[in-house]
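The file protein-v4.txt comes next; it holds compact mmCIF, C-alpha atoms.
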# COMPACT_ATOMS: atom_id res chain seq x y z
CA MET Y 1 -178.73 -56.48 71.30
CA ALA Y 2 -176.37 -59.44 71.22
CA SER Y 3 -178.07 -62.81 71.22
CA THR Y 4 -177.13 -65.34 73.90
CA PRO Y 5 -175.75 -68.63 72.55
CA PRO Y 6 -177.86 -71.65 73.30
CA SER Y 7 -177.04 -73.67 76.37
CA GLY Y 8 -174.39 -76.38 75.86
CA ALA Y 9 -172.78 -74.51 72.96
CA SER Y 10 -169.22 -73.25 73.26
CA ALA Y 11 -168.58 -69.60 72.72
CA ALA Y 12 -165.49 -70.49 70.76
CA SER Y 13 -167.38 -72.76 68.35
CA PRO Y 14 -167.33 -71.67 64.72
CA PRO Y 15 -170.58 -70.39 63.28
CA PRO Y 16 -172.75 -73.04 61.68
CA THR Y 17 -172.62 -73.40 57.94
CA GLY Y 18 -175.11 -74.60 55.46
CA GLY Y 19 -173.46 -77.97 54.86
CA PRO Y 20 -172.78 -80.87 57.25
CA ALA Y 21 -169.83 -80.53 59.57
CA PRO Y 22 -166.75 -82.33 58.26
CA SER Y 23 -165.72 -85.37 60.28
CA PRO Y 24 -162.22 -85.13 61.68
CA SER Y 25 -159.80 -87.56 60.01
CA ALA Y 26 -157.83 -89.85 62.26
CA PRO Y 27 -154.06 -89.54 61.97
CA GLU Y 28 -152.41 -92.25 59.94
CA GLY Y 29 -150.83 -94.85 62.19
CA PRO Y 30 -148.59 -97.79 61.47
CA ALA Y 31 -149.87 -100.45 59.13
CA GLN Y 32 -151.76 -103.28 60.75
CA PRO Y 33 -149.67 -106.45 61.28
CA GLY Y 34 -150.28 -108.98 58.54
CA SER Y 35 -151.56 -106.44 56.03
CA VAL Y 36 -150.06 -105.85 52.61
CA ALA Y 37 -148.87 -102.40 53.68
CA ALA Y 38 -147.07 -103.89 56.67
CA TRP Y 39 -145.41 -106.50 54.45
CA VAL Y 40 -144.24 -103.85 51.97
CA ALA Y 41 -142.94 -101.66 54.79
CA GLY Y 42 -141.05 -104.58 56.26
CA ALA Y 43 -139.61 -105.55 52.89
CA ARG Y 44 -138.32 -102.02 52.28
CA THR Y 45 -136.25 -102.18 55.47
CA SER Y 46 -135.26 -105.87 55.21
CA THR Y 47 -131.61 -106.82 55.02
CA TRP Y 48 -132.59 -109.80 52.88
CA LEU Y 49 -133.93 -107.44 50.21
CA VAL Y 50 -130.57 -105.65 50.22
CA SER Y 51 -128.81 -108.98 49.64
CA LEU Y 52 -131.11 -109.91 46.75
CA LEU Y 53 -130.67 -106.49 45.15
CA ALA Y 54 -126.90 -106.75 45.58
CA VAL Y 55 -126.94 -110.04 43.65
CA LEU Y 56 -129.16 -108.49 40.97
CA VAL Y 57 -126.88 -105.48 40.53
CA SER Y 58 -123.86 -107.79 40.35
CA PHE Y 59 -125.40 -109.80 37.52
CA VAL Y 60 -126.31 -106.60 35.66
CA LEU Y 61 -122.75 -105.31 35.92
CA GLY Y 62 -121.48 -108.73 34.87
CA GLY Y 63 -123.74 -108.57 31.81
CA LEU Y 64 -122.27 -105.19 30.89
CA LEU Y 65 -118.77 -106.63 31.11
CA ILE Y 66 -119.81 -109.62 28.99
CA ALA Y 67 -121.14 -107.24 26.35
CA ALA Y 68 -117.96 -105.15 26.51
CA THR Y 69 -115.78 -108.22 25.84
CA ASP Y 70 -117.97 -109.57 23.02
CA ASP Y 71 -116.46 -109.23 19.53
CA ALA Y 72 -119.79 -108.55 17.80
CA THR Y 73 -120.67 -105.83 20.29
CA ARG Y 74 -117.33 -104.10 19.90
CA GLU Y 75 -117.63 -104.24 16.11
CA ALA Y 76 -121.12 -102.72 16.23
CA SER Y 77 -119.93 -100.00 18.60
CA GLY Y 78 -117.70 -98.69 15.77
CA TYR Y 79 -120.79 -97.20 14.10
CA PHE Y 80 -122.80 -96.65 17.28
CA PHE Y 81 -123.94 -93.13 16.39
CA ALA Y 82 -125.16 -94.29 12.99
CA ARG Y 83 -127.13 -97.31 14.23
CA PRO Y 84 -127.08 -97.46 18.06
CA THR Y 85 -129.59 -100.29 18.19
CA ASP Y 86 -127.08 -102.70 16.61
CA THR Y 87 -124.72 -102.25 19.56
CA LEU Y 88 -127.48 -102.61 22.12
CA VAL Y 89 -128.91 -105.73 20.47
CA ALA Y 90 -125.47 -107.33 20.12
CA GLY Y 91 -124.62 -106.61 23.76
CA TRP Y 92 -127.96 -107.95 24.94
CA ASP Y 93 -127.56 -111.14 22.89
CA ALA Y 94 -124.05 -111.70 24.24
CA ALA Y 95 -125.15 -111.31 27.86
CA VAL Y 96 -128.25 -113.47 27.41
CA GLN Y 97 -126.33 -116.25 25.69
CA ALA Y 98 -123.61 -116.22 28.35
CA TYR Y 99 -126.06 -116.35 31.25
CA ALA Y 100 -128.12 -119.00 29.48
CA ALA Y 101 -124.99 -121.13 29.14
CA MET Y 102 -124.24 -120.54 32.81
CA LEU Y 103 -127.75 -121.66 33.69
CA ARG Y 104 -127.31 -124.79 31.58
CA GLY Y 105 -124.08 -125.55 33.38
CA ALA Y 106 -125.48 -124.90 36.84
CA VAL Y 107 -129.08 -126.17 36.91
CA VAL Y 108 -130.21 -128.19 33.92
CA ASP Y 109 -128.79 -128.57 30.41
CA TRP Y 110 -131.84 -128.59 28.17
CA GLN Y 111 -129.62 -129.18 25.14
CA ALA Y 112 -128.09 -132.38 26.52
CA PRO Y 113 -128.68 -135.58 24.53
CA SER Y 114 -129.69 -137.65 27.58
CA LEU Y 115 -131.44 -137.22 30.91
CA VAL Y 116 -128.25 -138.01 32.82
CA ARG Y 117 -126.33 -135.28 31.00
CA ALA Y 118 -129.23 -132.88 31.51
CA LEU Y 119 -129.31 -133.37 35.30
CA ARG Y 120 -125.56 -133.51 35.83
CA PRO Y 121 -125.18 -129.69 36.13
CA LEU Y 122 -127.50 -129.60 39.15
CA THR Y 123 -125.55 -132.34 40.89
CA GLU Y 124 -122.30 -130.50 40.12
CA THR Y 125 -123.71 -127.36 41.72
CA LEU Y 126 -124.62 -129.29 44.86
CA THR Y 127 -121.21 -130.98 44.93
CA VAL Y 128 -119.28 -127.72 44.59
CA SER Y 129 -121.55 -126.04 47.15
CA THR Y 130 -120.95 -128.67 49.84
CA PRO Y 131 -117.60 -127.43 51.23
CA LEU Y 132 -118.65 -123.81 50.63
CA ILE Y 133 -121.69 -124.21 52.86
CA ALA Y 134 -119.71 -125.87 55.66
CA ALA Y 135 -116.96 -123.24 55.53
CA GLY Y 136 -119.55 -120.46 55.33
CA LEU Y 137 -121.18 -121.80 58.48
CA ALA Y 138 -117.77 -121.69 60.17
CA VAL Y 139 -117.29 -118.01 59.34
CA ALA Y 140 -120.92 -117.12 60.10
CA LEU Y 141 -120.78 -118.75 63.54
CA ALA Y 142 -117.74 -116.66 64.44
CA PHE Y 143 -119.44 -113.52 63.09
CA ARG Y 144 -122.45 -114.07 65.34
CA ALA Y 145 -120.11 -114.18 68.36
CA GLY Y 146 -118.30 -111.00 67.37
CA LEU Y 147 -115.18 -112.64 65.88
CA PHE Y 148 -113.70 -112.34 62.40
CA ASN Y 149 -112.56 -115.84 61.47
CA ILE Y 150 -110.42 -115.14 58.43
CA GLY Y 151 -108.60 -118.43 58.99
CA ALA Y 152 -111.10 -120.88 57.51
CA GLN Y 153 -108.57 -121.51 54.73
CA GLY Y 154 -105.92 -122.70 57.17
CA GLN Y 155 -108.44 -124.68 59.21
CA ILE Y 156 -109.55 -126.47 56.05
CA ILE Y 157 -105.96 -127.36 55.22
CA ILE Y 158 -105.24 -128.75 58.70
CA GLY Y 159 -108.57 -130.59 58.69
CA ALA Y 160 -107.68 -132.13 55.32
CA LEU Y 161 -104.30 -133.24 56.69
CA PHE Y 162 -105.95 -134.98 59.63
CA ALA Y 163 -108.67 -136.54 57.47
CA GLY Y 164 -106.14 -137.65 54.87
CA ALA Y 165 -103.82 -139.20 57.45
CA VAL Y 166 -106.70 -141.38 58.63
CA GLY Y 167 -108.17 -141.86 55.15
CA PHE Y 168 -105.10 -143.42 53.53
CA GLY Y 169 -103.12 -144.37 56.63
CA VAL Y 170 -105.65 -146.49 58.51
CA ASP Y 171 -107.21 -149.76 57.44
CA ALA Y 172 -110.74 -150.26 58.79
CA PRO Y 173 -114.23 -151.25 57.58
CA LEU Y 174 -116.54 -148.64 56.06
CA VAL Y 175 -118.78 -148.22 59.10
CA VAL Y 176 -115.71 -147.29 61.17
CA HIS Y 177 -113.28 -145.81 58.68
CA LEU Y 178 -115.48 -143.10 57.18
CA PRO Y 179 -116.78 -141.68 60.51
CA LEU Y 180 -113.25 -141.83 61.89
CA ALA Y 181 -111.81 -139.91 58.93
CA VAL Y 182 -114.56 -137.28 59.11
CA LEU Y 183 -114.04 -136.95 62.86
CA ALA Y 184 -110.30 -136.53 62.31
CA GLY Y 185 -110.91 -133.68 59.89
CA VAL Y 186 -113.32 -132.01 62.32
CA VAL Y 187 -110.82 -132.37 65.18
CA GLY Y 188 -107.98 -130.97 63.08
CA GLY Y 189 -109.97 -127.89 62.11
CA ALA Y 190 -111.20 -127.44 65.68
CA LEU Y 191 -107.67 -127.54 67.11
CA TRP Y 192 -106.42 -124.98 64.56
CA GLY Y 193 -109.38 -122.70 65.26
CA GLY Y 194 -109.31 -123.25 69.00
CA LEU Y 195 -105.70 -122.05 69.07
CA VAL Y 196 -106.92 -118.71 67.74
CA GLY Y 197 -109.64 -118.50 70.37
CA LEU Y 198 -107.15 -119.32 73.12
CA LEU Y 199 -104.73 -116.62 71.98
CA ARG Y 200 -107.58 -114.12 71.82
CA ALA Y 201 -108.88 -115.06 75.27
CA ARG Y 202 -105.56 -115.30 77.11
CA ALA Y 203 -103.28 -112.89 75.31
CA GLY Y 204 -105.76 -110.50 73.71
CA ALA Y 205 -104.30 -111.24 70.27
CA SER Y 206 -106.36 -110.05 67.32
CA GLU Y 207 -108.08 -113.02 65.71
CA VAL Y 208 -107.79 -111.32 62.31
CA ILE Y 209 -103.99 -111.15 62.42
CA VAL Y 210 -103.60 -114.58 64.01
CA THR Y 211 -105.87 -116.35 61.52
CA ILE Y 212 -104.20 -114.72 58.53
CA MET Y 213 -100.77 -115.78 59.77
CA LEU Y 214 -101.96 -119.30 60.55
CA ASN Y 215 -103.24 -119.61 56.99
CA TYR Y 216 -99.67 -119.28 55.75
CA VAL Y 217 -98.39 -121.68 58.40
CA ALA Y 218 -100.95 -124.31 57.39
CA LEU Y 219 -100.17 -123.91 53.69
CA GLN Y 220 -96.42 -124.27 54.22
CA LEU Y 221 -96.96 -127.23 56.52
CA LEU Y 222 -99.04 -128.96 53.85
CA SER Y 223 -96.40 -128.26 51.18
CA TYR Y 224 -93.70 -129.72 53.39
CA LEU Y 225 -95.62 -132.85 54.40
CA LEU Y 226 -96.43 -133.65 50.77
CA THR Y 227 -92.68 -134.09 50.19
CA THR Y 228 -92.25 -136.57 53.07
CA PRO Y 229 -92.56 -140.35 52.68
CA SER Y 230 -95.54 -140.44 55.04
CA PHE Y 231 -97.72 -138.22 52.83
CA GLN Y 232 -96.22 -138.43 49.34
CA ARG Y 233 -97.58 -141.01 46.96
CA GLY Y 234 -95.16 -143.83 46.31
CA GLY Y 235 -93.46 -143.79 42.91
CA SER Y 236 -94.47 -140.18 42.23
CA ALA Y 237 -92.26 -137.10 42.32
CA ASN Y 238 -95.29 -134.79 42.44
CA PRO Y 239 -96.51 -133.37 45.76
CA ILE Y 240 -99.59 -135.55 46.01
CA SER Y 241 -100.69 -138.01 48.67
CA PRO Y 242 -101.93 -141.57 48.20
CA PRO Y 243 -105.66 -141.78 47.50
CA VAL Y 244 -107.93 -142.31 50.47
CA ALA Y 245 -109.27 -145.81 50.87
CA ASP Y 246 -112.69 -146.59 49.45
CA SER Y 247 -113.89 -147.32 52.98
CA ALA Y 248 -113.02 -143.72 53.98
CA ALA Y 249 -114.71 -142.03 51.01
CA PHE Y 250 -118.22 -140.58 51.10
CA PRO Y 251 -120.60 -142.87 49.18
CA LEU Y 252 -122.10 -141.46 45.99
CA LEU Y 253 -125.79 -140.63 46.29
CA LEU Y 254 -126.82 -141.07 42.66
CA GLY Y 255 -124.39 -143.64 41.33
CA SER Y 256 -121.10 -143.40 39.51
CA GLN Y 257 -122.51 -141.13 36.80
CA PHE Y 258 -122.66 -138.22 39.23
CA ARG Y 259 -120.17 -136.82 41.76
CA LEU Y 260 -122.77 -135.88 44.38
CA HIS Y 261 -121.90 -137.66 47.62
CA LEU Y 262 -123.20 -138.19 51.13
CA GLY Y 263 -121.21 -135.22 52.40
CA PHE Y 264 -123.89 -132.88 51.02
CA LEU Y 265 -126.50 -134.31 53.37
CA VAL Y 266 -124.03 -134.22 56.26
CA VAL Y 267 -123.42 -130.52 55.63
CA LEU Y 268 -127.17 -129.81 55.57
CA LEU Y 269 -127.49 -131.58 58.93
CA ALA Y 270 -124.62 -129.42 60.19
CA ALA Y 271 -126.50 -126.29 59.08
CA ALA Y 272 -129.58 -127.44 61.02
CA ALA Y 273 -127.37 -128.13 64.05
CA VAL Y 274 -125.85 -124.64 63.86
CA TRP Y 275 -129.33 -123.11 63.68
CA TRP Y 276 -130.40 -125.03 66.78
CA LEU Y 277 -127.18 -124.12 68.57
CA LEU Y 278 -127.57 -120.40 67.91
CA GLU Y 279 -131.32 -120.02 68.24
CA ARG Y 280 -132.42 -122.68 70.74
CA SER Y 281 -129.52 -123.51 73.05
CA THR Y 282 -128.18 -121.72 76.10
CA VAL Y 283 -124.64 -121.86 74.78
CA GLY Y 284 -125.69 -120.22 71.53
CA PHE Y 285 -127.53 -117.49 73.43
CA ARG Y 286 -124.37 -116.74 75.39
CA TRP Y 287 -122.30 -116.61 72.23
CA ARG Y 288 -124.76 -114.25 70.58
CA ALA Y 289 -124.80 -112.09 73.70
CA VAL Y 290 -121.01 -111.85 73.60
CA GLY Y 291 -121.16 -110.90 69.92
CA ALA Y 292 -123.83 -108.24 70.52
CA ASN Y 293 -122.31 -106.63 73.62
CA PRO Y 294 -119.27 -108.17 75.32
CA ALA Y 295 -119.37 -105.74 78.24
CA ALA Y 296 -123.03 -106.44 79.00
CA ALA Y 297 -122.43 -110.19 78.63
CA ARG Y 298 -119.55 -110.00 81.11
CA THR Y 299 -121.74 -108.05 83.53
CA ALA Y 300 -124.42 -110.75 83.23
CA GLY Y 301 -121.91 -113.38 84.35
CA ILE Y 302 -120.96 -114.82 80.96
CA SER Y 303 -117.31 -115.77 80.55
CA VAL Y 304 -116.33 -113.87 77.42
CA SER Y 305 -112.91 -115.53 77.28
CA TRP Y 306 -114.31 -119.06 77.31
CA ALA Y 307 -116.96 -117.98 74.81
CA PHE Y 308 -114.22 -116.95 72.39
CA VAL Y 309 -112.48 -120.31 72.83
CA GLY Y 310 -115.70 -122.29 72.38
CA VAL Y 311 -116.78 -120.31 69.32
CA MET Y 312 -113.45 -120.77 67.57
CA LEU Y 313 -113.42 -124.47 68.40
CA ALA Y 314 -116.86 -124.87 66.84
CA SER Y 315 -115.96 -122.64 63.90
CA GLY Y 316 -112.79 -124.60 63.21
CA ALA Y 317 -114.72 -127.87 63.50
CA LEU Y 318 -117.11 -126.71 60.76
CA ALA Y 319 -114.15 -125.75 58.57
CA GLY Y 320 -112.73 -129.23 59.24
CA LEU Y 321 -116.05 -130.68 58.08
CA ALA Y 322 -115.65 -128.69 54.86
CA ALA Y 323 -112.18 -130.23 54.47
CA SER Y 324 -113.58 -133.72 55.00
CA ALA Y 325 -116.25 -133.15 52.35
CA GLN Y 326 -113.68 -131.80 49.91
CA LEU Y 327 -111.11 -134.55 50.44
CA LEU Y 328 -113.22 -137.61 51.18
CA GLY Y 329 -116.02 -136.74 48.79
CA THR Y 330 -114.50 -134.98 45.79
CA GLU Y 331 -110.70 -134.85 45.52
CA LYS Y 332 -109.79 -138.19 47.20
CA SER Y 333 -106.09 -137.14 47.44
CA LEU Y 334 -104.18 -134.38 49.20
CA THR Y 335 -102.55 -131.76 46.98
CA ALA Y 336 -101.15 -128.29 47.59
CA GLY Y 337 -104.43 -126.83 46.28
CA ILE Y 338 -106.79 -129.04 48.28
CA ALA Y 339 -108.46 -125.99 49.87
CA GLY Y 340 -108.62 -123.95 46.68
CA GLN Y 341 -110.28 -120.64 47.53
CA ILE Y 342 -112.97 -122.20 49.69
CA GLY Y 343 -111.87 -120.53 52.92
CA PHE Y 344 -111.86 -117.07 51.37
CA ASP Y 345 -115.10 -117.56 49.44
CA ALA Y 346 -116.66 -118.66 52.73
CA ILE Y 347 -116.35 -115.08 54.01
CA THR Y 348 -118.46 -113.87 51.08
CA VAL Y 349 -120.95 -116.70 51.60
CA ALA Y 350 -121.34 -115.78 55.27
CA LEU Y 351 -121.77 -112.08 54.48
CA LEU Y 352 -124.30 -112.73 51.72
CA GLY Y 353 -126.19 -115.14 53.98
CA ARG Y 354 -126.31 -112.52 56.75
CA SER Y 355 -124.59 -115.04 59.06
CA ARG Y 356 -127.81 -117.05 59.30
CA PRO Y 357 -127.67 -120.82 58.61
CA LEU Y 358 -130.44 -120.75 56.00
CA GLY Y 359 -128.90 -117.74 54.32
CA VAL Y 360 -125.49 -119.42 54.27
CA VAL Y 361 -126.98 -122.52 52.63
CA LEU Y 362 -128.66 -120.43 49.93
CA ALA Y 363 -125.55 -118.29 49.38
CA GLY Y 364 -123.40 -121.42 49.14
CA LEU Y 365 -125.73 -122.85 46.52
CA LEU Y 366 -125.53 -119.59 44.56
CA PHE Y 367 -121.76 -119.56 44.58
CA GLY Y 368 -121.66 -123.24 43.72
CA ALA Y 369 -123.91 -122.53 40.75
CA LEU Y 370 -121.64 -119.70 39.62
CA ARG Y 371 -118.61 -121.97 39.74
CA ALA Y 372 -120.28 -124.91 38.04
CA GLY Y 373 -121.99 -122.79 35.39
CA GLY Y 374 -118.95 -120.66 34.64
CA VAL Y 375 -117.14 -123.62 33.06
CA LEU Y 376 -119.85 -124.27 30.46
CA MET Y 377 -120.27 -120.53 29.91
CA GLN Y 378 -116.64 -120.20 28.91
CA ALA Y 379 -116.67 -123.37 26.81
CA SER Y 380 -119.88 -122.50 24.93
CA THR Y 381 -119.64 -118.75 24.40
CA GLY Y 382 -115.97 -117.95 24.93
CA THR Y 383 -116.85 -115.60 27.77
CA PRO Y 384 -113.94 -115.43 30.25
CA ILE Y 385 -114.67 -117.33 33.44
CA ASP Y 386 -113.19 -114.37 35.30
CA ILE Y 387 -116.62 -112.77 34.91
CA VAL Y 388 -117.73 -115.09 37.71
CA LEU Y 389 -115.05 -113.61 39.95
CA VAL Y 390 -116.21 -110.13 39.03
CA VAL Y 391 -119.79 -110.97 39.99
CA GLN Y 392 -118.63 -112.40 43.32
CA SER Y 393 -116.46 -109.35 44.00
CA VAL Y 394 -119.27 -106.92 43.29
CA ILE Y 395 -121.54 -108.90 45.62
CA VAL Y 396 -118.95 -108.50 48.37
CA LEU Y 397 -118.66 -104.77 47.67
CA LEU Y 398 -122.39 -104.16 47.80
CA ILE Y 399 -122.95 -106.37 50.84
CA ALA Y 400 -120.21 -104.46 52.65
CA ALA Y 401 -121.87 -101.15 51.75
CA PRO Y 402 -125.64 -101.64 52.23
CA PRO Y 403 -126.34 -97.87 52.33
CA LEU Y 404 -125.20 -97.75 48.69
CA VAL Y 405 -127.83 -100.33 47.69
CA ARG Y 406 -130.50 -98.58 49.75
CA THR Y 407 -129.66 -95.26 48.11
CA VAL Y 408 -129.73 -96.66 44.57
CA PHE Y 409 -133.11 -98.36 45.06
CA ARG Y 410 -134.52 -95.69 47.44
CA LEU Y 411 -135.06 -98.12 50.27
CA GLU Y 412 -135.77 -96.98 53.79
CA PRO Y 413 -132.82 -97.16 56.19
CA ARG Y 414 -132.97 -99.67 59.00
CA ARG Y 415 -134.34 -98.32 62.26
CA ARG Y 416 -131.65 -98.45 64.91
CA ALA Y 417 -131.75 -97.95 68.62
CA PRO Y 418 -130.68 -94.49 69.88
CA LYS Y 419 -126.93 -94.05 69.97
CA GLY Y 420 -125.46 -95.29 73.19
CA ARG Y 421 -128.56 -97.28 74.14
CA GLY Y 422 -129.51 -100.85 73.40
CA ARG Y 423 -133.00 -102.20 72.93
CA SER Y 424 -133.47 -102.52 76.65
CA GLY Y 425 -132.05 -99.08 77.39
CA ALA Y 426 -128.63 -100.37 78.44
CA PRO Y 427 -125.51 -98.83 76.95
CA ALA Y 428 -124.73 -100.50 73.64
CA GLN Y 429 -121.16 -101.49 72.80
CA THR Y 430 -121.76 -103.74 69.82
CA SER Y 431 -118.55 -105.14 68.39
CA GLN Y 432 -117.58 -104.65 64.77
CA ALA Y 433 -118.09 -108.30 63.92
CA GLY Y 434 -121.45 -108.24 65.68
CA ARG Y 435 -122.56 -105.39 63.46
CA ALA Y 436 -121.39 -107.35 60.41
CA ALA Y 437 -123.41 -110.36 61.53
CA ALA Y 438 -126.50 -108.23 61.99
Serialized structure, structure tokens:
Amino acid sequence: MASTPPSGASAASPPPTGGPAPSPSAPEGPAQPGSVAAWVAGARTSTWLVSLLAVLVSFVLGGLLIAATDDATREASGYFFARPTDTLVAGWDAAVQAYAAMLRGAVVDWQAPSLVRALRPLTETLTVSTPLIAAGLAVALAFRAGLFNIGAQGQIIIGALFAGAVGFGVDAPLVVHLPLAVLAGVVGGALWGGLVGLLRARAGASEVIVTIMLNYVALQLLSYLLTTPSFQRGGSANPISPPVADSAAFPLLLGSQFRLHLGFLVVLLAAAAVWWLLERSTVGFRWRAVGANPAAARTAGISVSWAFVGVMLASGALAGLAASAQLLGTEKSLTAGIAGQIGFDAITVALLGRSRPLGVVLAGLLFGALRAGGVLMQASTGTPIDIVLVVQSVIVLLIAAPPLVRTVFRLEPRRRAPKGRGRSGAPAQTSQAGRAAA
């Protein structure tokens, strides 16, 4: 006879066993906010980690190139299969010595005979970084609004022309002359950038093509003006302008023994202003909305055309500030190479800094350190300074291809919204420059 199960027991229940019933395990959920696991998970998907790893890989590849160009390493490689450790040790020593010399030339020279000489590399890094940071902010601001400002080089040149015309062409006291010269540079860059925004807004012209063409126009205009009596230095056949007046030059912060000038602090204030503009102001919110989704911004009542004009005006103004820092703080005279490669390096600085003001400042300091340290590296170890360019180029390559870095280091891909939908469920039409800024 079959026994009746006790009341309250399910007929489908498994038969009792001799041991205690195992407790069901709760499914694993997401890590608690603030925990170590949550921090690690966030770091594995962070774009900042990708940037840091890109810099690390670039330095490693640069070290390999340093070893490949070292005479002792190449000599030891002739008998590599007999004694492979000789080649490895020689290559390691060459890379370490080169990077140590770069560090001495960029941060602090611990072999210097005096404290002034020891601290001069750090001030040189800050001096070189000053125009890079300002120009990087110019490119980053345009990126955040969905525009590719490739014309920072031309905007710097025009800004330098305006600042120079006031710097050596106007006679005024310091409290008036310096602000007026800086303002002239900012206005010059803003007008050159605003022209691009106007052409984009009214004629639909590609800002990439227009800015590239205007770079050449600005360069040729500078070359021509330096041969005219108004801009050419008297008694000189070289294309160089008169020096700016002392009242129009940025004061030195640490005395005549160092080149660091007040422009560095002005650029840091500009970075703080850009952060406030983008993150705390209504205008910045509109610009970011246009960069994220122009169609949705237009539907919300934002004038996309005027946003393009305003962004390029502000971007050009920041490039003009970079020109003022370069001319009034460092060079003191207009030459055909007054802009150097600052406008083009600014694109890399903005990309490495993820188009965020703090990131741009840090990236500008890194590139300034590479430039300042590369000189001593070449002088001390004979390593070609072109290695610095290689490191910068590899950084650009890896920043432009973040999936490559994530694959090499087995990082988790970034979680994106479903295709065709934004975070709020609206159709997403993020522009190419907006994706680059993100």
* Could you please determine the separation between atom CA of Thr228 of chain Y and atom CA of Pro251 of chain Y in Å, to one decimal place? =>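 Computing the Euclidean distance for atom CA of Thr228 of chain Y and atom CA of Pro251 of chain Y yields 29.3 Å.
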* Closest of Y:Pro173, Y:Pro229, Y:Gly204, Y:Pro357 to Ala245 of chain Y - atom-to-atom distances counting only C-alpha atoms -> Y:Pro173
* For the atom pair atom CA of Ala336 of chain Y and atom CA of Gly235 of chain Y, what is the interatomic distance in Å to one decimal place? ->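 Computing the Euclidean distance for atom CA of Ala336 of chain Y and atom CA of Gly235 of chain Y yields 17.9 Å.
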List every protein, DNA or RNA residue with an atom no more than 12 Å from (-118.6, -125.9, 65.1) in the file's coordinates, counting all atoms listed in the file, and format the result as a PDB file with C-alpha atoms, keeping the file's coordinate frame.
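Saved the output as selection_32.pdb:
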ATOM      1  CA  ALA Y 134    -119.710-125.870  55.660  1.00  0.00           C
ATOM      2  CA  ALA Y 135    -116.960-123.240  55.530  1.00  0.00           C
ATOM      3  CA  GLY Y 136    -119.550-120.460  55.330  1.00  0.00           C
ATOM      4  CA  LEU Y 137    -121.180-121.800  58.480  1.00  0.00           C
ATOM      5  CA  ALA Y 138    -117.770-121.690  60.170  1.00  0.00           C
ATOM      6  CA  VAL Y 139    -117.290-118.010  59.340  1.00  0.00           C
ATOM      7  CA  ALA Y 140    -120.920-117.120  60.100  1.00  0.00           C
ATOM      8  CA  LEU Y 141    -120.780-118.750  63.540  1.00  0.00           C
ATOM      9  CA  ALA Y 142    -117.740-116.660  64.440  1.00  0.00           C
ATOM     10  CA  ALA Y 152    -111.100-120.880  57.510  1.00  0.00           C
ATOM     11  CA  GLN Y 155    -108.440-124.680  59.210  1.00  0.00           C
ATOM     12  CA  VAL Y 186    -113.320-132.010  62.320  1.00  0.00           C
ATOM     13  CA  VAL Y 187    -110.820-132.370  65.180  1.00  0.00           C
ATOM     14  CA  GLY Y 188    -107.980-130.970  63.080  1.00  0.00           C
ATOM     15  CA  GLY Y 189    -109.970-127.890  62.110  1.00  0.00           C
ATOM     16  CA  ALA Y 190    -111.200-127.440  65.680  1.00  0.00           C
ATOM     17  CA  LEU Y 191    -107.670-127.540  67.110  1.00  0.00           C
ATOM     18  CA  GLY Y 193    -109.380-122.700  65.260  1.00  0.00           C
ATOM     19  CA  GLY Y 194    -109.310-123.250  69.000  1.00  0.00           C
ATOM     20  CA  VAL Y 267    -123.420-130.520  55.630  1.00  0.00           C
ATOM     21  CA  ALA Y 270    -124.620-129.420  60.190  1.00  0.00           C
ATOM     22  CA  ALA Y 271    -126.500-126.290  59.080  1.00  0.00           C
ATOM     23  CA  ALA Y 272    -129.580-127.440  61.020  1.00  0.00           C
ATOM     24  CA  ALA Y 273    -127.370-128.130  64.050  1.00  0.00           C
ATOM     25  CA  VAL Y 274    -125.850-124.640  63.860  1.00  0.00           C
ATOM     26  CA  TRP Y 275    -129.330-123.110  63.680  1.00  0.00           C
ATOM     27  CA  TRP Y 276    -130.400-125.030  66.780  1.00  0.00           C
ATOM     28  CA  LEU Y 277    -127.180-124.120  68.570  1.00  0.00           C
ATOM     29  CA  LEU Y 278    -127.570-120.400  67.910  1.00  0.00           C
ATOM     30  CA  GLY Y 284    -125.690-120.220  71.530  1.00  0.00           C
ATOM     31  CA  VAL Y 309    -112.480-120.310  72.830  1.00  0.00           C
ATOM     32  CA  GLY Y 310    -115.700-122.290  72.380  1.00  0.00           C
ATOM     33  CA  VAL Y 311    -116.780-120.310  69.320  1.00  0.00           C
ATOM     34  CA  MET Y 312    -113.450-120.770  67.570  1.00  0.00           C
ATOM     35  CA  LEU Y 313    -113.420-124.470  68.400  1.00  0.00           C
ATOM     36  CA  ALA Y 314    -116.860-124.870  66.840  1.00  0.00           C
ATOM     37  CA  SER Y 315    -115.960-122.640  63.900  1.00  0.00           C
ATOM     38  CA  GLY Y 316    -112.790-124.600  63.210  1.00  0.00           C
ATOM     39  CA  ALA Y 317    -114.720-127.870  63.500  1.00  0.00           C
ATOM     40  CA  LEU Y 318    -117.110-126.710  60.760  1.00  0.00           C
ATOM     41  CA  ALA Y 319    -114.150-125.750  58.570  1.00  0.00           C
ATOM     42  CA  GLY Y 320    -112.730-129.230  59.240  1.00  0.00           C
ATOM     43  CA  LEU Y 321    -116.050-130.680  58.080  1.00  0.00           C
ATOM     44  CA  ALA Y 322    -115.650-128.690  54.860  1.00  0.00           C
TER      45      ALA Y 322
END
* So how far away is atom CA of Leu199 of chain Y from atom CA of Ala295 of chain Y, in Å? -> 19.3 Å
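Nearest to Thr69 of chain Y of all the residues Y:Gly359, Y:Glu207, Y:Ala325, Y:Ala95 is Y:Ala95, based on all atoms listed in the file.
Every protein, DNA or RNA residue with an atom at most 12 Å from Ala68 of chain Y, where all atoms listed in the file count and chain neighbours fewer than 2 positions away do not, is listed here: Leu61, Gly62, Gly63, Leu64, Leu65, Ile66, Asp70, Asp71, Ala72, Thr73, Arg74, Glu75, Ala76, Ser77, Thr87, Leu88, Ala90, Gly91, Trp92, Asp93, Ala94, Ala95, Thr383, Pro384 and Ile387 of chain Y.
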